[in-house]
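A.B. asks: Attaching a single structure in structure tokens format; questions to follow.
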Amino acid sequence: MAIFEGSAVAIITPFFEDGSVNYPVLEELIEFHIKNHTDAIVIAGTTGESSVMTDDDQIEVIRFTVEKTAHRIPVIAGTGSNETKHAIILAKRAEEAGVDALLIVTPYYNKTTQKGLIQHYTAIAESVHTPIILYSVASRTGLNITPETVYALSKVKNIVGIKEASGDLSQIAKISALCGPDFAIYSGNDDQTLPILSVGGKGVISVLANVMPQQVHDMCQNFFEGKVAQAQKTFLSTLHLANTLFIETNPIPVKAAVNLIGFAAGPTVAPLYPMEEGNLAKLKEAMKEQGLI
């Protein structure tokens with residue numbers, strides 16, 4: 001069974017200037033997403049800047065999100081690592097915090113083989129009972145999960161889906177054909193959500209939803225209800241902003257956007273720095289087109 005269907009926000013983590021987490025604003029954001037019908041929250045992922053957190057801070061952010069969400073929508077925690085033992089430790093701690101699922105990115109830098117991926121993910125899955133969503137994003141990690149590897153991993157009891165950010169629609173269609181409808185495929189790229197839904201995707205783990213949660217939810221819901229023309233209209237009308245949110249390295253633009261819509265999201269943490277003025281102007285213009293500012 002899919003952990004969710006529709007739009008899961010890859011939520012930003014608000015920070016104070018000293019790099020500590022701004023928990024009051026994180027609570028505001030959680031409530032904002034629930035009010036605007038976001039279908040799940042992905043906490044401590046790439047967009048949430050988990051790579052700059054200590055393990056204790058990462059788990060506390062996850063625990064806090066579980067507590068404040070209070071079972072109203074699923075919470076999915078990013079717990080990936082480039083070391084299997086470390087990923088297992090994070091997975092166990094997130095499970096103890098009460099998450100509904102784990103999002104686990106491929107090992108990065110010391111990237112493994114496809115056989116190694118099977119061993120890596122199987123070891124993590126066997127260490128917990130919580131459902132696991134694979135995360136394939138070769139542009140970040142340098143390591144793709146092939147359809148054949150996804151199929152092999154789909155046989156592991158608690159590996160239930162994949163966040164697909166390879167950008168390769170042919171690969172995603174092949175995963176869908178191999179794994180069937182019981183294995184959840186989620187778009188990892190906002191500019192490919194509708195095409196991925198069309199080949200059997202269950203939804204999107206969305207950066208755009210940080211600022212347009214209702215619209216991303218509605219787009220998915222309309223598709224599922226057979227209102228494809230309406231879903232297409234929303235997808236195409238928000239495409240420019242979705243792409244502009246990646247004009248610089250994620251999450252630099254989306255964090256600026258969350259600040260611009262009125263939340264004290266704070267800065268990104270070095271080595272991510274504020275947007276260049278020219279790019280910030282482009283972001284503001286794209287947001288104005290959507291009536292966000």
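If you're wondering about the labels, chains in the structure tokens are A, B, ... by order shown, residues count from 1 in each chain, ligands from 1 in order shown.
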Got a sec to tell me which of region 56-210 of chain A DSSP assigns to alpha helix (DSSP H), as a ChimeraX atom specification?
C.D. replies: /A:56-69,84-97,114-127,138-141,147-153,169-179,193-198
A.B. asks: I'd like the contact shell of His240 (chain A) - 10 Å cut-off, only C-alpha atoms, skipping same-chain residues fewer than 5 positions apart - returned as an MDAnalysis selection string.
C.D. replies: chainID A and resid 191 235 245 283 286:287 289:290
A.B. asks: Using 12 Å as the limit and counting only C-alpha atoms, can you tabulate each residue of region 112-193 of chain A that touches region 30-46 of chain A, with its shortest atom-to-atom distance in Å and the two atoms involved, as JSON lines?
C.D. replies:
{"residue": "A:Ile133", "atom": "CA", "partner": "A:Val42", "partner_atom": "CA", "distance": 11.0}
{"residue": "A:Tyr135", "atom": "CA", "partner": "A:Gly45", "partner_atom": "CA", "distance": 10.2}
{"residue": "A:Val137", "atom": "CA", "partner": "A:Thr46", "partner_atom": "CA", "distance": 10.5}
{"residue": "A:Arg140", "atom": "CA", "partner": "A:Thr46", "partner_atom": "CA", "distance": 9.5}
{"residue": "A:Thr141", "atom": "CA", "partner": "A:Thr46", "partner_atom": "CA", "distance": 11.3}
{"residue": "A:Lys163", "atom": "CA", "partner": "A:Val42", "partner_atom": "CA", "distance": 11.2}
{"residue": "A:Gly188", "atom": "CA", "partner": "A:Thr46", "partner_atom": "CA", "distance": 11.2}
A.B. asks: Pull all heavy atoms from the residues just selected and write them as a PDB file, in the first residue's frame.
C.D. replies:
ATOM      1  N   ILE A 133      10.903   4.196   1.397  1.00  0.00           N
ATOM      2  CA  ILE A 133      10.835   4.712   0.029  1.00  0.00           C
ATOM      3  C   ILE A 133      12.260   4.952  -0.438  1.00  0.00           C
ATOM      4  O   ILE A 133      13.024   5.673   0.209  1.00  0.00           O
ATOM      5  CB  ILE A 133      10.023   6.023  -0.026  1.00  0.00           C
ATOM      6  CG1 ILE A 133       8.589   5.780   0.458  1.00  0.00           C
ATOM      7  CG2 ILE A 133      10.017   6.599  -1.448  1.00  0.00           C
ATOM      8  CD1 ILE A 133       7.780   7.053   0.639  1.00  0.00           C
ATOM      9  N   TYR A 135      15.190   6.496  -2.873  1.00  0.00           N
ATOM     10  CA  TYR A 135      15.332   7.834  -3.454  1.00  0.00           C
ATOM     11  C   TYR A 135      16.471   7.805  -4.454  1.00  0.00           C
ATOM     12  O   TYR A 135      17.633   7.652  -4.092  1.00  0.00           O
ATOM     13  CB  TYR A 135      15.588   8.861  -2.343  1.00  0.00           C
ATOM     14  CG  TYR A 135      15.702  10.304  -2.791  1.00  0.00           C
ATOM     15  CD1 TYR A 135      15.318  10.730  -4.066  1.00  0.00           C
ATOM     16  CD2 TYR A 135      16.194  11.268  -1.918  1.00  0.00           C
ATOM     17  CE1 TYR A 135      15.427  12.054  -4.454  1.00  0.00           C
ATOM     18  CE2 TYR A 135      16.302  12.600  -2.295  1.00  0.00           C
ATOM     19  CZ  TYR A 135      15.921  12.990  -3.564  1.00  0.00           C
ATOM     20  OH  TYR A 135      16.035  14.303  -3.941  1.00  0.00           O
ATOM     21  N   VAL A 137      18.413   9.936  -7.173  1.00  0.00           N
ATOM     22  CA  VAL A 137      18.664  11.306  -7.640  1.00  0.00           C
ATOM     23  C   VAL A 137      20.135  11.404  -8.050  1.00  0.00           C
ATOM     24  O   VAL A 137      20.969  11.971  -7.333  1.00  0.00           O
ATOM     25  CB  VAL A 137      18.249  12.353  -6.574  1.00  0.00           C
ATOM     26  CG1 VAL A 137      18.968  12.124  -5.258  1.00  0.00           C
ATOM     27  CG2 VAL A 137      18.429  13.775  -7.095  1.00  0.00           C
ATOM     28  N   ARG A 140      22.478  14.445  -7.818  1.00  0.00           N
ATOM     29  CA  ARG A 140      23.040  14.770  -6.504  1.00  0.00           C
ATOM     30  C   ARG A 140      24.088  13.749  -6.062  1.00  0.00           C
ATOM     31  O   ARG A 140      25.105  14.105  -5.475  1.00  0.00           O
ATOM     32  CB  ARG A 140      21.936  14.808  -5.452  1.00  0.00           C
ATOM     33  CG  ARG A 140      21.022  16.009  -5.519  1.00  0.00           C
ATOM     34  CD  ARG A 140      21.552  17.150  -4.679  1.00  0.00           C
ATOM     35  NE  ARG A 140      20.581  18.233  -4.555  1.00  0.00           N
ATOM     36  CZ  ARG A 140      20.755  19.287  -3.783  1.00  0.00           C
ATOM     37  NH1 ARG A 140      21.827  19.414  -3.041  1.00  0.00           N
ATOM     38  NH2 ARG A 140      19.837  20.244  -3.738  1.00  0.00           N
ATOM     39  N   THR A 141      23.794  12.489  -6.289  1.00  0.00           N
ATOM     40  CA  THR A 141      24.614  11.427  -5.696  1.00  0.00           C
ATOM     41  C   THR A 141      25.591  10.784  -6.671  1.00  0.00           C
ATOM     42  O   THR A 141      26.526  10.109  -6.245  1.00  0.00           O
ATOM     43  CB  THR A 141      23.718  10.307  -5.137  1.00  0.00           C
ATOM     44  OG1 THR A 141      23.040   9.660  -6.230  1.00  0.00           O
ATOM     45  CG2 THR A 141      22.699  10.853  -4.152  1.00  0.00           C
ATOM     46  N   LYS A 163      11.098   7.448  -4.726  1.00  0.00           N
ATOM     47  CA  LYS A 163      11.068   8.829  -5.193  1.00  0.00           C
ATOM     48  C   LYS A 163      11.998   8.887  -6.385  1.00  0.00           C
ATOM     49  O   LYS A 163      13.214   8.716  -6.248  1.00  0.00           O
ATOM     50  CB  LYS A 163      11.522   9.792  -4.100  1.00  0.00           C
ATOM     51  CG  LYS A 163      11.585  11.250  -4.570  1.00  0.00           C
ATOM     52  CD  LYS A 163      12.129  12.178  -3.487  1.00  0.00           C
ATOM     53  CE  LYS A 163      12.239  13.604  -3.991  1.00  0.00           C
ATOM     54  NZ  LYS A 163      12.829  14.526  -2.996  1.00  0.00           N
ATOM     55  N   GLY A 188      10.026  12.937  -8.201  1.00  0.00           N
ATOM     56  CA  GLY A 188      10.958  13.734  -7.420  1.00  0.00           C
ATOM     57  C   GLY A 188      11.296  15.049  -8.085  1.00  0.00           C
ATOM     58  O   GLY A 188      12.116  15.814  -7.580  1.00  0.00           O
TER      59      GLY A 188
END
A.B. asks: Distance CA of Leu197 (chain A)-CA of Gly142 (chain A), one decimal place?
C.D. replies: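 These two atoms are separated by 25.2 Å.
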A.B. asks: For Gln230 (chain A), please output as a PyMOL selection string all residues within 12 Å (counting only C-alpha atoms; exclusion window: fewer than 5 positions along the same chain).
C.D. replies: chain A and resi 194+215-216+218-225+235-237
A.B. asks: Export, as a compact mmCIF listing (two decimals), in the first residue's frame, the selected residues with all heavy atoms.
C.D. replies:
# COMPACT_ATOMS: atom_id res chain seq x y z
N LEU A 194 3.16 15.41 -13.76
CA LEU A 194 2.04 14.93 -14.56
C LEU A 194 2.44 13.77 -15.47
O LEU A 194 1.72 12.76 -15.53
CB LEU A 194 1.41 16.07 -15.36
CG LEU A 194 0.03 15.77 -15.94
CD1 LEU A 194 -0.98 15.46 -14.84
CD2 LEU A 194 -0.46 16.96 -16.78
N GLN A 215 -2.42 23.91 -4.65
CA GLN A 215 -2.42 23.69 -6.09
C GLN A 215 -1.79 22.35 -6.46
O GLN A 215 -2.28 21.65 -7.36
CB GLN A 215 -1.68 24.84 -6.79
CG GLN A 215 -2.41 26.18 -6.73
CD GLN A 215 -2.08 26.98 -5.47
OE1 GLN A 215 -1.62 26.44 -4.47
NE2 GLN A 215 -2.31 28.29 -5.53
N VAL A 216 -0.70 21.98 -5.80
CA VAL A 216 -0.06 20.71 -6.11
C VAL A 216 -0.95 19.55 -5.69
O VAL A 216 -1.10 18.55 -6.41
CB VAL A 216 1.34 20.61 -5.46
CG1 VAL A 216 2.00 19.28 -5.82
CG2 VAL A 216 2.23 21.77 -5.91
N ASP A 218 -4.24 19.68 -5.51
CA ASP A 218 -5.39 19.66 -6.42
C ASP A 218 -5.02 19.06 -7.77
O ASP A 218 -5.83 18.32 -8.36
CB ASP A 218 -5.93 21.07 -6.62
CG ASP A 218 -6.65 21.62 -5.39
OD1 ASP A 218 -6.90 20.83 -4.46
OD2 ASP A 218 -6.94 22.83 -5.37
N MET A 219 -3.83 19.37 -8.25
CA MET A 219 -3.40 18.81 -9.53
C MET A 219 -3.41 17.29 -9.48
O MET A 219 -3.94 16.62 -10.39
CB MET A 219 -2.00 19.31 -9.89
CG MET A 219 -1.42 18.71 -11.15
SD MET A 219 0.25 19.30 -11.50
CE MET A 219 1.14 18.63 -10.09
N CYS A 220 -2.84 16.73 -8.44
CA CYS A 220 -2.81 15.27 -8.30
C CYS A 220 -4.21 14.71 -8.14
O CYS A 220 -4.59 13.72 -8.80
CB CYS A 220 -1.95 14.87 -7.11
SG CYS A 220 -0.20 15.28 -7.27
N GLN A 221 -5.01 15.35 -7.30
CA GLN A 221 -6.36 14.86 -7.05
C GLN A 221 -7.21 14.90 -8.32
O GLN A 221 -7.97 13.97 -8.61
CB GLN A 221 -7.03 15.69 -5.95
CG GLN A 221 -8.32 15.09 -5.42
CD GLN A 221 -8.13 13.73 -4.79
OE1 GLN A 221 -7.13 13.48 -4.12
NE2 GLN A 221 -9.07 12.84 -5.02
N ASN A 222 -7.08 15.98 -9.08
CA ASN A 222 -7.81 16.06 -10.34
C ASN A 222 -7.41 14.94 -11.29
O ASN A 222 -8.27 14.35 -11.96
CB ASN A 222 -7.58 17.43 -11.00
CG ASN A 222 -8.40 18.53 -10.36
OD1 ASN A 222 -9.49 18.29 -9.86
ND2 ASN A 222 -7.88 19.74 -10.36
N PHE A 223 -6.14 14.64 -11.35
CA PHE A 223 -5.69 13.55 -12.22
C PHE A 223 -6.32 12.23 -11.78
O PHE A 223 -6.83 11.47 -12.60
CB PHE A 223 -4.17 13.44 -12.21
CG PHE A 223 -3.65 12.38 -13.14
CD1 PHE A 223 -3.38 12.67 -14.46
CD2 PHE A 223 -3.46 11.07 -12.69
CE1 PHE A 223 -2.94 11.68 -15.34
CE2 PHE A 223 -3.02 10.08 -13.55
CZ PHE A 223 -2.76 10.39 -14.88
N PHE A 224 -6.26 11.96 -10.47
CA PHE A 224 -6.81 10.70 -9.96
C PHE A 224 -8.31 10.58 -10.21
O PHE A 224 -8.83 9.48 -10.39
CB PHE A 224 -6.54 10.56 -8.46
CG PHE A 224 -5.08 10.53 -8.09
CD1 PHE A 224 -4.64 11.10 -6.90
CD2 PHE A 224 -4.15 9.91 -8.91
CE1 PHE A 224 -3.30 11.07 -6.55
CE2 PHE A 224 -2.80 9.89 -8.57
CZ PHE A 224 -2.37 10.46 -7.39
N GLU A 225 -8.99 11.72 -10.23
CA GLU A 225 -10.45 11.72 -10.46
C GLU A 225 -10.81 11.76 -11.94
O GLU A 225 -11.99 11.85 -12.29
CB GLU A 225 -11.08 12.93 -9.75
CG GLU A 225 -11.01 12.82 -8.22
CD GLU A 225 -11.52 14.06 -7.52
OE1 GLU A 225 -11.90 15.03 -8.23
OE2 GLU A 225 -11.53 14.08 -6.28
N PHE A 235 -0.68 22.03 -13.94
CA PHE A 235 0.72 21.64 -14.14
C PHE A 235 1.44 22.64 -15.04
O PHE A 235 2.54 23.12 -14.71
CB PHE A 235 0.77 20.24 -14.76
CG PHE A 235 2.16 19.77 -15.14
CD1 PHE A 235 3.08 19.44 -14.16
CD2 PHE A 235 2.52 19.66 -16.47
CE1 PHE A 235 4.36 19.01 -14.51
CE2 PHE A 235 3.78 19.22 -16.83
CZ PHE A 235 4.71 18.90 -15.85
N LEU A 236 0.83 22.99 -16.15
CA LEU A 236 1.48 23.89 -17.11
C LEU A 236 1.54 25.32 -16.59
O LEU A 236 2.52 26.04 -16.83
CB LEU A 236 0.77 23.83 -18.45
CG LEU A 236 0.86 22.49 -19.19
CD1 LEU A 236 0.04 22.52 -20.47
CD2 LEU A 236 2.31 22.11 -19.48
N SER A 237 0.53 25.73 -15.85
CA SER A 237 0.51 27.11 -15.37
C SER A 237 1.51 27.35 -14.24
O SER A 237 1.92 28.48 -14.01
CB SER A 237 -0.90 27.49 -14.91
OG SER A 237 -1.26 26.78 -13.74
A.B. asks: Choose the residue, out of A:Ile118, A:Val9, A:Ala91, A:Leu102, that has the smallest atom-to-atom separation from Ile73 (chain A); count only C-alpha atoms.
C.D. replies: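 Checking each of A:Ile118, A:Val9, A:Ala91, A:Leu102 against Ile73 (chain A), counting only C-alpha atoms, the winner is A:Val9.
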A.B. asks: Identify, on the basis of only C-alpha atoms, every residue whose closest approach to Gly266 (chain A) does not exceed 10 Å; exclude the query and any residue fewer than 4 positions from it along the same chain; express the result as number ranges by chain.
C.D. replies: A: 13-19, 21-22, 25, 255-256, 258-259
A.B. asks: I need the residue nearest Asp190 (chain A) from this list: A:Ser7, A:Asn144, A:Gln114, A:Gln214. Use only C-alpha atoms for the distance.
C.D. replies: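 Of all the options, A:Ser7 lies closest to Asp190 (chain A).
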A.B. asks: Quick one: everything within 8 Å of Leu134 (chain A), counting only C-alpha atoms, minus sequence neighbours fewer than 5 positions away in the same chain. Send it as a PyMOL selection string.
C.D. replies: chain A and resi 103-106+159+161-163
A.B. asks: Could you check the closest approach to Gly180 (chain A) for each of A:Gly201, A:Gly262, A:Pro107, A:Pro24 and tell me which residue wins, using only C-alpha atoms?
C.D. replies: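 Closest to Gly180 (chain A), using only C-alpha atoms: A:Gly201.
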A.B. asks: Grab the CA of Glu285 (chain A) to CA of Val204 (chain A) distance for me, in Å with one decimal place.
C.D. replies: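 These two atoms are separated by 24.7 Å.
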